[in-house]
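Trainee: Quick one: the structure is below, questions incoming.
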Amino acid sequence: MTITFHHFANPTRALRVAKALLPFSLAAMSVFLGWGLWLALYASPPDYQQGEAVRIMYVHVPAAWMALFVYVVVAAGSISFLIWRHPLGELIAEAAAPIGACFTALALVTGSLWGQPMWGTWWVWDARLTSVLILFFLYLGYMGLRNAFDDPVKGGRAASLLAIIGTINLPIIKFSVDWWNTLHQPASVMRLGGPTIHPDMLWPLLIMAAGFKFYFLSVGIIRLRNQVAVRRLQTLSILSASPSSRGAVRLSSVAPFFAMGGYAFYVWPAYGVTFGMLAILFATSVVAMRRHETAVRRLPSAQNAS
Amino acid sequence: MIALGGATGLILAAFQDNVTYFYGPSDLHAQTAMVGTRLIRLGGLVTPGSVRHDATGAIQFTVGDGKTEIPVHYRGILPDLFREGQGIIAEGRINANGIFTATTILAKHDETYMPPEVADALKRAGTWRGEPQDKSAGPKQ
């Protein structure tokens with residue numbers, strides 16, 4: 001038997017790979033997030049125009065990248081589920097969607113905290129901001145639709161279809177700043193002609209982005225394991241209701257570090273809300289996975305094997 | 001996929017006019033229909049040397065795109081990034097004399113990020129490419 005993509009489409013086999021991958025993913029996440037935080041908050045220079053407020057970029061931009069990336073994962077999982085009937089596709093999409101919604105919410109909130117001091121407004125209805133808000137509603141719609149039907153199969157199909165149709169929004173978000181006049185500035189990193197961002201600021205951004213990627217991988221695996229445990233419990237009718245889980249002027253001393261050049265009121269809440277929300281999602285995912293995997297293990301072995 | 005692509009194209013075409021968040025000075029100059037009570041947004045660069053603060057706390061400056069300049073009157077809080085040469089968006093109304101009375105001023109910033117020392121070094125070396133060019137003013141890439 002040849003090993004192909006379809007080989008790994010078997011949830012049990014995929015789960016084994018995911019389980020083995022988790023410790024490495026968690027370690028990489030800790031290293032990159034720790035290193036990224038140190039660079040972003042302390043070791044990187046302020047901006048020539050924006051001063052210390054530019055530090056919000058290091059959480060805002062990776063969150064926004066992940067909002068788009070996770071949506072691609074959700075849509076790809078949905079396509080493989082609808083077309084090839086891969087149960088793994090649906091499981092991955094279902095596990096990824098709340099993480100994507102979390103990243104989208106973070107992009108919106110940290111963007112707001114950045115917009116107030118720099119632009120002079122928390123929010124405007126320009127093409128970029130509006131299309132990202134629509135992305136957030138697409139995530140919520142996907143998660144809601146999944147639970148809106150009595151028959152989970154129907155709900156899964158409707159939600160997958162919504163996720164696929166919603167991909168129209170992705171190029172609109174990416175190119176909104178080029179196609180229309182917007183308050184939001186055009187892309188600095190992923191653009192033709194190379195980044196317009198100084199290497200001292202690009203590196204912290206990329207390292208933080210790597211941390212966010214590994215966060216997604218880690219929490220994604222945890223949620224996937226939970227999803228598989230929940231399905232097993234559901235098939236054995238032990239769980240009747242749906243589980244809760246679905247649902248170069250360097251800063252030189254301590255005082256100026258906390259003052260953030262007068263932007264403390266915006267920079268610290270941006271980091272607080274980002275890492276607070278990521279920690280909550282991480283903790284709830286771990287708790288749900290533990291609970292359901294324990295429940296599966298406690299099943300009589302005969303039933304467990306079926 | 002073809003249907004999705006077609007739908008996207010149609011939606012984008014329909015949005016083209018409505019999604020534009022602001023007009024450049026030249027757009028505004030050409031469209032006399034904008035005069036009056038309608039709330040509009042004007043985006044462009046604050047002309048260097050044009051900013052005047054008067055004794056009552058009001059501020060006057062012109063917003064230009066290299067071709068047209070529109071005088072703006074404003075009274076209120078300015079964003080931190082407001083300065084001469086900066087890209088801004090003024091929300092307000094334009095009268096028949098072509099004077100734009102703003103109720104809100106928003107600052108636009110461009111996609112360039114660098115430490116202050118690097119900006120100073122570029123200025124000293126003479127390789128500075130000027131204050132950031134606003135999209136409405138600069139040549140389209």
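Each chain of the structure tokens is named A, B, ... in the order shown, its residues numbered from 1; ligands are numbered from 1 in display order.
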Pull the closest atom pair for each residue of chain A that gets at most 7 Å from chain B, along with the distance in Å to one decimal, counting only C-alpha atoms, ordering rows by chain and then ascending residue number, as a Markdown table.
Mentor:
```
| residue | atom | partner | partner_atom | distance |
| --- | --- | --- | --- | --- |
| A:Pro45 | CA | B:Pro115 | CA | 5.6 |
| A:Pro46 | CA | B:Pro115 | CA | 5.7 |
| A:Asp47 | CA | B:Pro115 | CA | 4.8 |
| A:Tyr48 | CA | B:Pro116 | CA | 3.9 |
| A:Pro117 | CA | B:Asp80 | CA | 6.4 |
| A:Met118 | CA | B:Leu81 | CA | 5.9 |
| A:Trp119 | CA | B:Ala107 | CA | 4.4 |
| A:Gly120 | CA | B:Pro79 | CA | 4.6 |
| A:Thr121 | CA | B:Leu106 | CA | 7.0 |
| A:Asp126 | CA | B:Tyr21 | CA | 5.5 |
| A:Ala127 | CA | B:Val19 | CA | 6.0 |
| A:Ile168 | CA | B:Thr8 | CA | 6.7 |
| A:Trp180 | CA | B:Thr20 | CA | 5.3 |
| A:Asn181 | CA | B:Thr20 | CA | 5.1 |
| A:Thr182 | CA | B:Tyr21 | CA | 5.3 |
| A:Leu183 | CA | B:Lys108 | CA | 6.0 |
| A:Gln185 | CA | B:Asp110 | CA | 5.3 |
| A:Pro186 | CA | B:Glu111 | CA | 5.8 |
| A:Ala187 | CA | B:Glu111 | CA | 6.2 |
| A:Ser188 | CA | B:Glu111 | CA | 5.0 |
| A:Thr196 | CA | B:Thr112 | CA | 5.0 |
| A:Ile197 | CA | B:Tyr113 | CA | 4.6 |
| A:His198 | CA | B:Met114 | CA | 4.9 |
| A:Ala248 | CA | B:Pro115 | CA | 6.4 |
```
Trainee: Do you know which residues are at most 9 Å from A:Ala67 counting only C-alpha atoms, after dropping those on the same chain fewer than 6 positions away, and could you put them as a list in words?
Mentor: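 What passes the distance filter is Ile99, Gly100, Ala101, Cys102, Phe103, Thr104, Ala105, Leu106, Ala107, Val132, Leu135 and Phe136 of chain A.
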Trainee: Keeping C-alpha atoms for every residue in the selection just given, could you write it to a file as a short mmCIF file (atom, residue, chain, number, x, y, z; two decimals), in the first residue's frame?
Mentor:
```
data_model
loop_
_atom_site.label_atom_id
_atom_site.label_comp_id
_atom_site.auth_asym_id
_atom_site.auth_seq_id
_atom_site.Cartn_x
_atom_site.Cartn_y
_atom_site.Cartn_z
CA ILE A 99 -9.06 29.79 16.58
CA GLY A 100 -9.54 31.77 13.37
CA ALA A 101 -12.43 33.70 14.93
CA CYS A 102 -10.18 34.50 17.91
CA PHE A 103 -7.38 35.79 15.64
CA THR A 104 -9.88 37.89 13.63
CA ALA A 105 -11.30 39.42 16.81
CA LEU A 106 -7.74 40.18 17.94
CA ALA A 107 -6.88 41.82 14.61
CA VAL A 132 -12.27 41.94 8.03
CA LEU A 135 -14.58 37.67 7.91
CA PHE A 136 -15.31 37.63 11.65
#
```
Trainee: Please indicate the distance in Å from atom CA of A:Phe216 to atom CA of A:Tyr42, rounded to one decimal place.
Mentor: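 Answer for the atom CA of A:Phe216 to atom CA of A:Tyr42 separation: 24.6 Å.
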Trainee: DSSP says alpha helix (DSSP H) for which residues of stretch 46-204 of chain A? Put them as an MDAnalysis selection string?
Mentor: chainID A and resid 57:84 87:118 127:146 152:165 169:179 199:204
Trainee: Which one of B:Leu122, B:Ala58, B:Val51, B:Leu45 sits closest to B:Ala102 if you count only C-alpha atoms?
Mentor: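 Result for the nearest residue to B:Ala102: B:Ala58.
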Trainee: What does the structure give for the distance between atom CA of A:Arg13 and atom CA of A:Arg291, in Å to one decimal?
Mentor: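 Answer for the atom CA of A:Arg13 to atom CA of A:Arg291 separation: 21.5 Å.
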Trainee: Give me, as a list in words, all polymer residues having an atom no more than 7 Å from B:Gly64, counting only C-alpha atoms and skipping those fewer than 6 positions away in the same chain.
Mentor: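 Everything that qualifies: Pro25, Gly44, Leu45, Val46, Thr47 and Ile70 of chain B.
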